[in-house]
file final_25.cif (mmCIF, C-alpha atoms)
data_protein
loop_
_atom_site.label_atom_id
_atom_site.label_comp_id
_atom_site.auth_asym_id
_atom_site.auth_seq_id
_atom_site.Cartn_x
_atom_site.Cartn_y
_atom_site.Cartn_z
CA TYR K 1 -22.89 14.50 -1.88
CA TRP K 2 -24.94 11.70 -3.44
CA PRO K 3 -25.42 13.24 -6.93
CA VAL K 4 -21.67 13.94 -7.14
CA ILE K 5 -20.62 10.46 -5.98
CA LYS K 6 -23.22 8.68 -8.10
CA GLY K 7 -22.35 10.48 -11.33
CA ASN K 8 -18.57 10.60 -11.01
CA ARG K 9 -17.04 7.23 -11.96
CA PRO K 10 -13.42 8.46 -11.62
CA LEU K 11 -14.24 9.52 -8.05
CA GLN K 12 -15.66 6.07 -7.27
CA MET K 13 -12.71 4.20 -8.75
CA LEU K 14 -10.04 6.47 -7.23
CA SER K 15 -11.71 6.24 -3.81
CA LEU K 16 -11.70 2.43 -4.01
CA SER K 17 -8.14 2.29 -5.30
CA ALA K 18 -6.81 4.81 -2.79
CA SER K 19 -8.54 3.04 0.10
CA MET K 20 -6.92 -0.28 -0.86
CA ASP K 21 -3.49 1.36 -1.16
CA LYS K 22 -3.98 2.98 2.23
CA LEU K 23 -5.04 -0.34 3.75
CA ALA K 24 -1.95 -2.05 2.30
CA THR K 25 0.46 0.51 3.80
CA SER K 26 -1.47 0.61 7.10
CA LEU K 27 -1.19 -3.16 7.53
CA LEU K 28 2.55 -3.04 6.79
CA ARG K 29 3.05 -0.48 9.57
CA GLN K 30 0.82 -1.96 12.28
CA PRO K 31 2.90 -2.40 15.49
CA VAL K 32 1.61 -5.95 16.00
CA VAL K 33 2.58 -6.91 12.45
CA VAL K 34 6.06 -5.44 12.98
CA VAL K 35 6.40 -7.54 16.15
CA MET K 36 5.25 -10.68 14.34
CA LEU K 37 7.57 -10.11 11.37
CA PHE K 38 10.75 -8.93 13.05
CA GLY K 39 10.36 -10.04 16.65
CA ILE K 40 9.05 -13.57 16.02
CA LEU K 41 9.65 -14.60 12.39
CA LEU K 42 13.11 -13.03 12.05
CA GLY K 43 13.90 -13.27 15.77
CA ASP K 44 15.39 -9.76 15.92
CA TYR K 45 12.93 -7.03 16.86
CA ALA K 46 15.68 -4.37 16.89
CA LEU K 47 16.10 -5.00 13.16
CA SER K 48 12.75 -3.30 12.56
CA GLY K 49 14.15 0.07 13.63
CA THR K 50 17.25 -0.38 11.51
CA MET K 51 15.16 -1.38 8.50
CA GLY K 52 13.07 1.73 9.03
CA LEU K 53 16.19 3.84 8.70
CA ILE K 54 17.50 1.84 5.75
CA THR K 55 14.27 2.23 3.78
CA ILE K 56 14.08 6.03 4.21
CA ILE K 57 16.49 6.83 1.35
CA PRO K 58 15.04 4.27 -1.13
CA THR K 59 11.53 5.50 -0.32
CA LEU K 60 12.55 9.11 -1.02
CA LEU K 61 14.25 8.09 -4.28
CA ILE K 62 11.18 6.08 -5.31
CA THR K 63 8.98 9.09 -4.56
CA PHE K 64 11.14 11.39 -6.71
CA PHE K 65 11.16 8.74 -9.45
CA GLY K 66 7.38 8.39 -9.30
CA VAL K 67 6.82 12.14 -9.47
CA ALA K 68 9.19 12.40 -12.45
CA ILE K 69 7.28 9.62 -14.25
CA ALA K 70 3.99 11.33 -13.44
CA ARG K 71 5.18 14.61 -14.96
CA LYS K 72 6.12 12.85 -18.21
CA THR K 73 3.40 10.23 -18.62
CA GLY K 74 0.54 11.39 -16.39
CA LEU K 75 -0.56 10.61 -12.87
CA LYS K 76 -2.57 7.51 -13.72
CA LYS K 77 0.31 5.67 -15.39
CA ALA K 78 2.72 6.49 -12.57
CA TYR K 79 0.10 5.41 -10.02
CA VAL K 80 -0.56 2.06 -11.70
CA THR K 81 3.14 1.38 -12.35
CA SER K 82 4.06 1.96 -8.72
CA ALA K 83 1.17 -0.22 -7.54
CA TRP K 84 2.31 -3.05 -9.83
CA ILE K 85 5.91 -2.90 -8.59
CA GLY K 86 4.73 -2.80 -4.97
CA LEU K 87 2.45 -5.78 -5.65
CA LEU K 88 5.23 -7.84 -7.24
CA SER K 89 7.59 -6.99 -4.36
CA LEU K 90 5.04 -8.13 -1.77
CA VAL K 91 4.33 -11.38 -3.61
CA SER K 92 8.09 -11.97 -3.92
CA LEU K 93 8.47 -11.52 -0.16
CA VAL K 94 5.83 -14.19 0.49
CA ALA K 95 7.63 -16.59 -1.85
CA PHE K 96 10.97 -15.63 -0.29
CA PHE K 97 9.90 -16.59 3.23
CA LEU K 98 8.27 -19.81 2.05
CA ILE K 99 11.46 -20.87 0.27
CA ILE K 100 14.21 -20.05 2.79
CA ASP K 101 14.84 -22.60 5.52
CA ASN K 102 15.74 -20.30 8.41
CA PRO K 103 14.51 -16.68 8.44
CA THR K 104 16.65 -15.91 11.51
CA THR K 105 19.73 -15.96 9.25
CA ILE K 106 18.61 -12.51 8.05
CA SER K 107 20.86 -10.24 10.08
CA LEU K 108 22.89 -7.06 9.60
CA THR K 109 25.72 -8.50 11.69
CA ASN K 110 26.30 -11.30 9.20
CA ILE K 111 25.21 -9.93 5.84
CA GLY K 112 24.78 -12.53 3.13
CA PHE K 113 22.75 -12.98 -0.05
CA THR K 114 19.56 -13.76 1.91
CA THR K 115 19.84 -10.56 3.95
CA ILE K 116 20.57 -8.40 0.90
CA LEU K 117 17.65 -9.90 -1.03
CA PHE K 118 15.31 -9.28 1.91
CA ILE K 119 16.43 -5.64 2.23
CA VAL K 120 15.94 -5.01 -1.50
CA LEU K 121 12.49 -6.62 -1.63
CA TYR K 122 11.33 -5.02 1.62
CA ALA K 123 12.53 -1.54 0.59
CA ALA K 124 10.82 -1.91 -2.81
CA ALA K 125 7.59 -3.10 -1.18
CA VAL K 126 7.51 -0.26 1.34
CA GLY K 127 8.54 2.41 -1.18
CA PHE K 128 6.37 1.49 -4.15
CA ALA K 129 3.32 0.43 -2.10
CA SER K 130 3.26 3.82 -0.36
CA LEU K 131 3.88 5.88 -3.53
CA PRO K 132 0.23 5.72 -4.74
CA THR K 133 -0.90 7.33 -1.47
CA THR K 134 1.38 10.26 -2.36
CA LEU K 135 0.21 10.51 -5.97
CA VAL K 136 -3.48 10.38 -5.01
CA VAL K 137 -3.38 13.97 -3.67
CA PRO K 138 -3.01 15.67 -7.08
CA MET K 139 -5.35 13.05 -8.56
CA ILE K 140 -8.09 14.36 -6.27
CA ALA K 141 -7.69 17.69 -8.08
CA ASP K 142 -8.10 15.88 -11.43
CA VAL K 143 -11.34 14.30 -10.21
CA SER K 144 -12.57 17.70 -9.07
CA ASP K 145 -11.75 19.24 -12.46
CA TYR K 146 -13.58 16.38 -14.16
CA GLU K 147 -16.67 17.09 -12.07
CA THR K 148 -16.52 20.79 -12.94
CA ALA K 149 -16.17 20.06 -16.68
CA LYS K 150 -18.99 17.50 -16.61
CA SER K 151 -21.61 19.17 -14.43
CA GLY K 152 -20.42 22.71 -13.78
CA ARG K 153 -20.10 22.03 -10.04
CA TYR K 154 -16.93 23.40 -8.44
CA VAL K 155 -16.49 21.09 -5.43
CA PRO K 156 -12.78 20.68 -4.50
CA GLY K 157 -13.64 20.95 -0.79
CA MET K 158 -16.19 18.16 -1.13
CA MET K 159 -13.65 15.94 -2.89
CA GLY K 160 -11.10 16.54 -0.16
CA THR K 161 -13.68 15.67 2.50
CA ILE K 162 -14.63 12.43 0.77
CA PHE K 163 -11.03 11.24 0.51
CA SER K 164 -10.28 12.33 4.07
CA PHE K 165 -13.24 10.27 5.28
CA VAL K 166 -12.08 7.23 3.29
CA ASP K 167 -8.54 7.66 4.66
CA GLN K 168 -9.71 7.76 8.28
CA LEU K 169 -12.10 4.85 7.75
CA VAL K 170 -9.42 2.58 6.28
CA SER K 171 -6.86 3.61 8.90
CA SER K 172 -9.25 2.45 11.62
CA LEU K 173 -10.01 -0.77 9.72
CA ALA K 174 -6.40 -2.03 9.68
CA PRO K 175 -6.16 -2.79 13.44
CA THR K 176 -9.52 -4.58 13.24
CA ILE K 177 -8.23 -6.85 10.48
CA VAL K 178 -5.04 -7.58 12.43
CA GLY K 179 -7.05 -8.42 15.56
CA ALA K 180 -9.35 -10.73 13.63
CA VAL K 181 -6.49 -12.63 11.97
CA VAL K 182 -4.48 -13.21 15.17
CA ALA K 183 -7.67 -14.23 17.00
CA MET K 184 -8.24 -16.90 14.34
CA ILE K 185 -4.92 -18.54 15.28
CA GLY K 186 -5.61 -18.51 19.02
CA PHE K 187 -4.46 -15.08 20.25
CA THR K 188 -7.86 -14.08 21.64
CA SER K 189 -6.78 -12.38 24.89
CA ALA K 190 -3.43 -10.84 23.88
CA PHE K 191 -1.44 -10.02 20.78
CA PRO K 192 1.68 -12.01 19.83
CA GLU K 193 4.77 -10.74 21.62
CA VAL K 194 8.52 -10.81 21.04
CA GLY K 195 9.84 -14.19 22.13
CA ASP K 196 6.72 -16.19 21.31
CA PRO K 197 7.55 -19.47 19.52
CA LEU K 198 7.10 -19.45 15.75
CA THR K 199 4.35 -21.95 14.94
CA GLN K 200 3.03 -22.77 11.49
CA PRO K 201 -0.25 -20.85 12.05
CA LEU K 202 1.73 -17.86 13.33
CA LEU K 203 4.02 -18.01 10.29
CA MET K 204 1.08 -18.02 7.88
CA ALA K 205 -0.69 -15.22 9.79
CA THR K 206 2.49 -13.12 9.72
CA LEU K 207 2.96 -13.57 5.97
CA ALA K 208 -0.73 -12.85 5.36
CA LEU K 209 -0.77 -9.63 7.40
CA ALA K 210 2.65 -8.29 6.42
CA PHE K 211 2.59 -9.13 2.71
CA GLY K 212 -0.41 -11.21 1.56
CA LEU K 213 -3.30 -8.89 2.45
CA PRO K 214 -1.38 -5.75 1.37
CA ALA K 215 -0.73 -7.49 -1.97
CA LEU K 216 -4.45 -8.31 -2.28
CA GLY K 217 -5.25 -4.66 -1.59
CA LEU K 218 -2.94 -3.58 -4.40
CA VAL K 219 -4.57 -6.11 -6.77
CA ILE K 220 -7.96 -4.50 -6.10
CA SER K 221 -6.35 -1.08 -6.53
CA VAL K 222 -4.89 -1.97 -9.94
CA VAL K 223 -8.21 -3.45 -11.12
CA ALA K 224 -10.09 -0.33 -10.00
CA MET K 225 -7.68 1.88 -11.95
CA LYS K 226 -8.66 0.01 -15.12
CA PHE K 227 -11.96 1.89 -14.92
CA TYR K 228 -10.37 5.22 -14.02
CA LYS K 229 -10.35 7.14 -17.30
CA LEU K 230 -8.54 10.33 -16.26
CA ASP K 231 -5.22 9.70 -18.02
CA ALA K 232 -3.02 12.44 -19.49
CA LYS K 233 -5.00 12.61 -22.74
CA LYS K 234 -8.37 12.85 -20.98
CA MET K 235 -7.09 15.59 -18.68
CA GLU K 236 -6.06 17.64 -21.73
CA GLU K 237 -9.66 17.41 -22.99
CA ILE K 238 -10.96 18.46 -19.56
CA GLN K 239 -8.61 21.44 -19.43
#

call {"tool": "encode", "arguments": {"input": "final_25.cif", "output": "C-alpha cells"}}
result
Amino acid sequence: YWPVIKGNRPLQMLSLSASMDKLATSLLRQPVVVVMLFGILLGDYALSGTMGLITIIPTLLITFFGVAIARKTGLKKAYVTSAWIGLLSLVSLVAFFLIIDNPTTISLTNIGFTTILFIVLYAAAVGFASLPTTLVVPMIADVSDYETAKSGRYVPGMMGTIFSFVDQLVSSLAPTIVGAVVAMIGFTSAFPEVGDPLTQPLLMATLALAFGLPALGLVISVVAMKFYKLDAKKMEEIQ
C-alpha cells in the first residue's frame, strides 16, 4: 500500500477531498443535528421529515445535472463546481439564520418568502454537497488508471479498499465531532432534545454543526482539488 499511496498524488488529494465531502454530508444528516436544527431552532421537528421528501426531487435533478456536466467537461470540473455551489449554499444558510429575527416563522402551513428562501437554500446545500460523493466513484477508476499508466501496477481493488476505509473512518468521526461540540456548550450528559430552549450557545452550535463545519469541509475539498491533476485532458493522455 505505502508505495502506491506515497507516489500517487491524485490518490492523496482525492482521498482528502472525498473525506471532507463525506464529513460535510455526514454532519448534515446526524440525528442530533437534525433535532437541533428543526426541533429547537425552527421549533418544528416534523418539518425535518417533510423537508427530506421535498429535497428528494431537487437532489435527483442535481445528480442528473452533475453527471451531464461531467460527461461534457470531465469529472474534476463537475466535482469542483458542485462543491463550490454546495459551499456557497451552506454559507448563505448561516447568513440567513443570523439575519432573520424569528426562525420559527419558517413553516409549510404559512408559506412566505422566508420559508421559500430556506427551502431553496437547504435543497441546494443538500443536493450539491452530496453530489461530489456520487462523482468520486468513477474518479477512483481514474486514479487507478493513472497508477497503471505511471507504474504499471493494476490495483483497482486496492484503490477501492483505500476509499472504503476513508469512508468508514469519516462516517465514524462525524458523531464524535457532534458530541464534542454539544459538550462544549454544556450538554455533557445528554444530547439536546426537542423542546429545549434556544440559547445563544445552542444557536451557534447548531449553525456550526449544520452548516459551518460542512462548509469548512467543502473549502478543504475545493483546495485539495487544486492539486488533483486528472482533468479531462490528462485522462486522454493516460488513455

call {"tool": "resolve_selection", "arguments": {"input": "final_25.cif", "expression": "the PyMOL selection byres ((chain K and resi 28) around 8)", "output": "PyMOL selection string"}}
result
chain K and resi 24-27+29-30+33-34+126+209-211+214

call {"tool": "residues_around", "arguments": {"input": "final_25.cif", "residues": "range 179-189 of chain K", "least_positions_apart": "3", "cutoff": "12 Å", "atoms": "all atoms listed in the file", "output": "number ranges by chain"}}
result
K: 27, 30-33, 36, 172-176, 192-193, 196, 199-210, 213

call {"tool": "resolve_selection", "arguments": {"input": "final_25.cif", "expression": "the PyMOL selection byres ((chain K and resi 141-144) around 10)", "output": "PyMOL selection string"}}
result
chain K and resi 8-12+14+75+136-140+145-150+153-160+228+230-231+235+238-239

call {"tool": "atom_distance", "arguments": {"input": "final_25.cif", "atom1": "CA of Phe227 in chain K", "atom2": "CA of Met13 in chain K"}}
result
6.6 Å

call {"tool": "residues_around", "arguments": {"input": "final_25.cif", "residues": "range 40-42 of chain K", "least_positions_apart": "5", "cutoff": "6 Å", "atoms": "all atoms listed in the file", "output": "list of chain:residue names"}}
result
K:Pro103, K:Thr104, K:Val194

call {"tool": "residues_around", "arguments": {"input": "final_25.cif", "residues": "Ala232 in chain K", "least_positions_apart": "4", "cutoff": "10 Å", "atoms": "only C-alpha atoms", "output": "list in words"}}
result
Ala70, Arg71, Lys72, Thr73, Gly74, Leu75, Lys76, Lys77, Glu236, Glu237 and Ile238 of chain K

call {"tool": "write_last_selection", "arguments": {"input": "final_25.cif", "atoms": "C-alpha atoms", "output": "PDB file, in the frame of the given file"}}
result
ATOM      1  CA  ALA K  70       3.990  11.330 -13.440  1.00  0.00           C
ATOM      2  CA  ARG K  71       5.180  14.610 -14.960  1.00  0.00           C
ATOM      3  CA  LYS K  72       6.120  12.850 -18.210  1.00  0.00           C
ATOM      4  CA  THR K  73       3.400  10.230 -18.620  1.00  0.00           C
ATOM      5  CA  GLY K  74       0.540  11.390 -16.390  1.00  0.00           C
ATOM      6  CA  LEU K  75      -0.560  10.610 -12.870  1.00  0.00           C
ATOM      7  CA  LYS K  76      -2.570   7.510 -13.720  1.00  0.00           C
ATOM      8  CA  LYS K  77       0.310   5.670 -15.390  1.00  0.00           C
ATOM      9  CA  GLU K 236      -6.060  17.640 -21.730  1.00  0.00           C
ATOM     10  CA  GLU K 237      -9.660  17.410 -22.990  1.00  0.00           C
ATOM     11  CA  ILE K 238     -10.960  18.460 -19.560  1.00  0.00           C
TER      12      ILE K 238
END

call {"tool": "atom_distance", "arguments": {"input": "final_25.cif", "atom1": "CA of Val170 in chain K", "atom2": "CA of Val223 in chain K"}}
result
18.5 Å

call {"tool": "residues_around", "arguments": {"input": "final_25.cif", "residues": "Asn102 in chain K", "least_positions_apart": "4", "cutoff": "12 Å", "atoms": "only C-alpha atoms", "output": "list of chain:residue names"}}
result
K:Leu41, K:Leu42, K:Gly43, K:Phe96, K:Phe97, K:Leu98, K:Ile106, K:Ser107, K:Thr114, K:Thr115, K:Leu198

call {"tool": "closest_residue", "arguments": {"input": "final_25.cif", "among": "K:Thr59, K:Asn110, K:Ser130, K:Ser19", "to": "Ser82 in chain K", "atoms": "all atoms listed in the file"}}
result
K:Ser130

call {"tool": "axis_aligned_box", "arguments": {"input": "final_25.cif", "around": "range 218-223 of chain K", "padding_each_side": "6 Å", "output": "AutoDock Vina command-line options"}}
result
--center_x -5.6 --center_y -3.6 --center_z -7.8 --size_x 17.3 --size_y 17.0 --size_z 18.7

call {"tool": "atom_distance", "arguments": {"input": "final_25.cif", "atom1": "CA of Leu87 in chain K", "atom2": "CA of Val222 in chain K"}}
result
9.3 Å

call {"tool": "resolve_selection", "arguments": {"input": "final_25.cif", "expression": "the PyMOL selection byres ((chain K and resi 18) around 8)", "output": "PyMOL selection string"}}
result
chain K and resi 14-17+19-22+132-133+136+221

call {"tool": "residues_around", "arguments": {"input": "final_25.cif", "residues": "range 61-65 of chain K", "least_positions_apart": "4", "cutoff": "10 Å", "atoms": "all atoms listed in the file", "output": "MDAnalysis selection string"}}
result
chainID K and resid 55:57 69:70 78 82 123:124 126:128 130:132 134:135

call {"tool": "closest_residue", "arguments": {"input": "final_25.cif", "among": "K:Leu47, K:Leu53, K:Lys229, K:Ile162", "to": "Tyr1 in chain K", "atoms": "all atoms listed in the file"}}
result
K:Ile162

call {"tool": "closest_residue", "arguments": {"input": "final_25.cif", "among": "K:Leu117, K:Val94, K:Ile220, K:Val35", "to": "Phe191 in chain K", "atoms": "all atoms listed in the file"}}
result
K:Val35

call {"tool": "decode", "arguments": {"input": "final_25.cif", "residues": "range 96-133 of chain K", "atoms": "N, CA and C atoms", "output": "mmCIF file, in the first residue's frame"}}
result
data_model
loop_
_atom_site.group_PDB
_atom_site.id
_atom_site.type_symbol
_atom_site.label_atom_id
_atom_site.label_comp_id
_atom_site.auth_asym_id
_atom_site.auth_seq_id
_atom_site.Cartn_x
_atom_site.Cartn_y
_atom_site.Cartn_z
ATOM 1 N N PHE K 96 -28.284 33.559 6.470
ATOM 2 C CA PHE K 96 -29.751 33.611 6.511
ATOM 3 C C PHE K 96 -30.263 33.550 7.949
ATOM 4 N N PHE K 97 -29.748 32.599 8.735
ATOM 5 C CA PHE K 97 -30.236 32.436 10.102
ATOM 6 C C PHE K 97 -29.714 33.526 11.038
ATOM 7 N N LEU K 98 -28.600 34.139 10.685
ATOM 8 C CA LEU K 98 -28.101 35.241 11.505
ATOM 9 C C LEU K 98 -28.854 36.537 11.227
ATOM 10 N N ILE K 99 -29.474 36.629 10.051
ATOM 11 C CA ILE K 99 -30.171 37.854 9.662
ATOM 12 C C ILE K 99 -31.628 37.853 10.114
ATOM 13 N N ILE K 100 -32.327 36.723 9.924
ATOM 14 C CA ILE K 100 -33.766 36.710 10.227
ATOM 15 C C ILE K 100 -33.987 36.828 11.734
ATOM 16 N N ASP K 101 -35.088 37.452 12.100
ATOM 17 C CA ASP K 101 -35.378 37.701 13.510
ATOM 18 C C ASP K 101 -35.944 36.475 14.212
ATOM 19 N N ASN K 102 -36.837 35.750 13.530
ATOM 20 C CA ASN K 102 -37.536 34.645 14.173
ATOM 21 C C ASN K 102 -37.562 33.419 13.261
ATOM 22 N N PRO K 103 -36.670 32.457 13.471
ATOM 23 C CA PRO K 103 -36.622 31.268 12.612
ATOM 24 C C PRO K 103 -37.900 30.435 12.652
ATOM 25 N N THR K 104 -38.694 30.551 13.727
ATOM 26 C CA THR K 104 -39.904 29.744 13.836
ATOM 27 C C THR K 104 -40.980 30.166 12.839
ATOM 28 N N THR K 105 -40.765 31.294 12.139
ATOM 29 C CA THR K 105 -41.717 31.704 11.103
ATOM 30 C C THR K 105 -41.597 30.817 9.859
ATOM 31 N N ILE K 106 -40.527 30.031 9.775
ATOM 32 C CA ILE K 106 -40.366 29.093 8.662
ATOM 33 C C ILE K 106 -41.322 27.932 8.870
ATOM 34 N N SER K 107 -42.344 27.866 8.059
ATOM 35 C CA SER K 107 -43.374 26.849 8.228
ATOM 36 C C SER K 107 -44.060 26.581 6.896
ATOM 37 N N LEU K 108 -44.458 25.335 6.675
ATOM 38 C CA LEU K 108 -45.166 24.978 5.440
ATOM 39 C C LEU K 108 -46.661 25.251 5.538
ATOM 40 N N THR K 109 -47.133 25.597 6.738
ATOM 41 C CA THR K 109 -48.540 25.947 6.897
ATOM 42 C C THR K 109 -48.792 27.415 6.586
ATOM 43 N N ASN K 110 -47.735 28.212 6.645
ATOM 44 C CA ASN K 110 -47.861 29.633 6.327
ATOM 45 C C ASN K 110 -46.649 30.029 5.490
ATOM 46 N N ILE K 111 -46.678 29.640 4.220
ATOM 47 C CA ILE K 111 -45.514 29.800 3.359
ATOM 48 C C ILE K 111 -45.339 31.258 2.941
ATOM 49 N N GLY K 112 -44.183 31.803 3.253
ATOM 50 C CA GLY K 112 -43.832 33.154 2.856
ATOM 51 C C GLY K 112 -42.467 33.162 2.202
ATOM 52 N N PHE K 113 -41.923 34.360 1.996
ATOM 53 C CA PHE K 113 -40.624 34.500 1.339
ATOM 54 C C PHE K 113 -39.517 33.806 2.133
ATOM 55 N N THR K 114 -39.570 33.941 3.476
ATOM 56 C CA THR K 114 -38.540 33.341 4.324
ATOM 57 C C THR K 114 -38.533 31.827 4.178
ATOM 58 N N THR K 115 -39.721 31.222 4.177
ATOM 59 C CA THR K 115 -39.823 29.769 4.037
ATOM 60 C C THR K 115 -39.317 29.310 2.682
ATOM 61 N N ILE K 116 -39.711 30.011 1.625
ATOM 62 C CA ILE K 116 -39.289 29.630 0.270
ATOM 63 C C ILE K 116 -37.772 29.738 0.133
ATOM 64 N N LEU K 117 -37.204 30.817 0.673
ATOM 65 C CA LEU K 117 -35.753 31.006 0.587
ATOM 66 C C LEU K 117 -35.022 29.898 1.347
ATOM 67 N N PHE K 118 -35.544 29.516 2.514
ATOM 68 C CA PHE K 118 -34.925 28.438 3.281
ATOM 69 C C PHE K 118 -34.975 27.121 2.506
ATOM 70 N N ILE K 119 -36.110 26.808 1.905
ATOM 71 C CA ILE K 119 -36.253 25.559 1.156
ATOM 72 C C ILE K 119 -35.274 25.518 -0.013
ATOM 73 N N VAL K 120 -35.157 26.633 -0.732
ATOM 74 C CA VAL K 120 -34.254 26.687 -1.893
ATOM 75 C C VAL K 120 -32.799 26.494 -1.455
ATOM 76 N N LEU K 121 -32.393 27.234 -0.424
ATOM 77 C CA LEU K 121 -31.002 27.148 0.044
ATOM 78 C C LEU K 121 -30.699 25.777 0.635
ATOM 79 N N TYR K 122 -31.643 25.239 1.398
ATOM 80 C CA TYR K 122 -31.420 23.939 2.036
ATOM 81 C C TYR K 122 -31.352 22.824 0.992
ATOM 82 N N ALA K 123 -32.256 22.877 0.004
ATOM 83 C CA ALA K 123 -32.244 21.864 -1.058
ATOM 84 C C ALA K 123 -30.952 21.938 -1.863
ATOM 85 N N ALA K 124 -30.489 23.164 -2.150
ATOM 86 C CA ALA K 124 -29.231 23.333 -2.893
ATOM 87 C C ALA K 124 -28.051 22.821 -2.082
ATOM 88 N N ALA K 125 -28.045 23.111 -0.777
ATOM 89 C CA ALA K 125 -26.947 22.661 0.081
ATOM 90 C C ALA K 125 -26.899 21.141 0.148
ATOM 91 N N VAL K 126 -28.045 20.519 0.370
ATOM 92 C CA VAL K 126 -28.093 19.059 0.480
ATOM 93 C C VAL K 126 -27.734 18.411 -0.859
ATOM 94 N N GLY K 127 -28.299 18.928 -1.949
ATOM 95 C CA GLY K 127 -28.085 18.323 -3.261
ATOM 96 C C GLY K 127 -26.662 18.463 -3.763
ATOM 97 N N PHE K 128 -26.148 19.684 -3.746
ATOM 98 C CA PHE K 128 -24.812 19.921 -4.312
ATOM 99 C C PHE K 128 -23.693 19.445 -3.380
ATOM 100 N N ALA K 129 -23.909 19.479 -2.065
ATOM 101 C CA ALA K 129 -22.878 18.997 -1.145
ATOM 102 C C ALA K 129 -22.721 17.482 -1.229
ATOM 103 N N SER K 130 -23.802 16.778 -1.566
ATOM 104 C CA SER K 130 -23.732 15.318 -1.656
ATOM 105 C C SER K 130 -23.339 14.830 -3.047
ATOM 106 N N LEU K 131 -23.397 15.704 -4.057
ATOM 107 C CA LEU K 131 -23.047 15.286 -5.417
ATOM 108 C C LEU K 131 -21.593 14.821 -5.552
ATOM 109 N N PRO K 132 -20.607 15.499 -4.935
ATOM 110 C CA PRO K 132 -19.221 15.004 -5.050
ATOM 111 C C PRO K 132 -19.042 13.579 -4.562
ATOM 112 N N THR K 133 -19.809 13.156 -3.541
ATOM 113 C CA THR K 133 -19.681 11.784 -3.053
ATOM 114 C C THR K 133 -20.183 10.782 -4.085
#
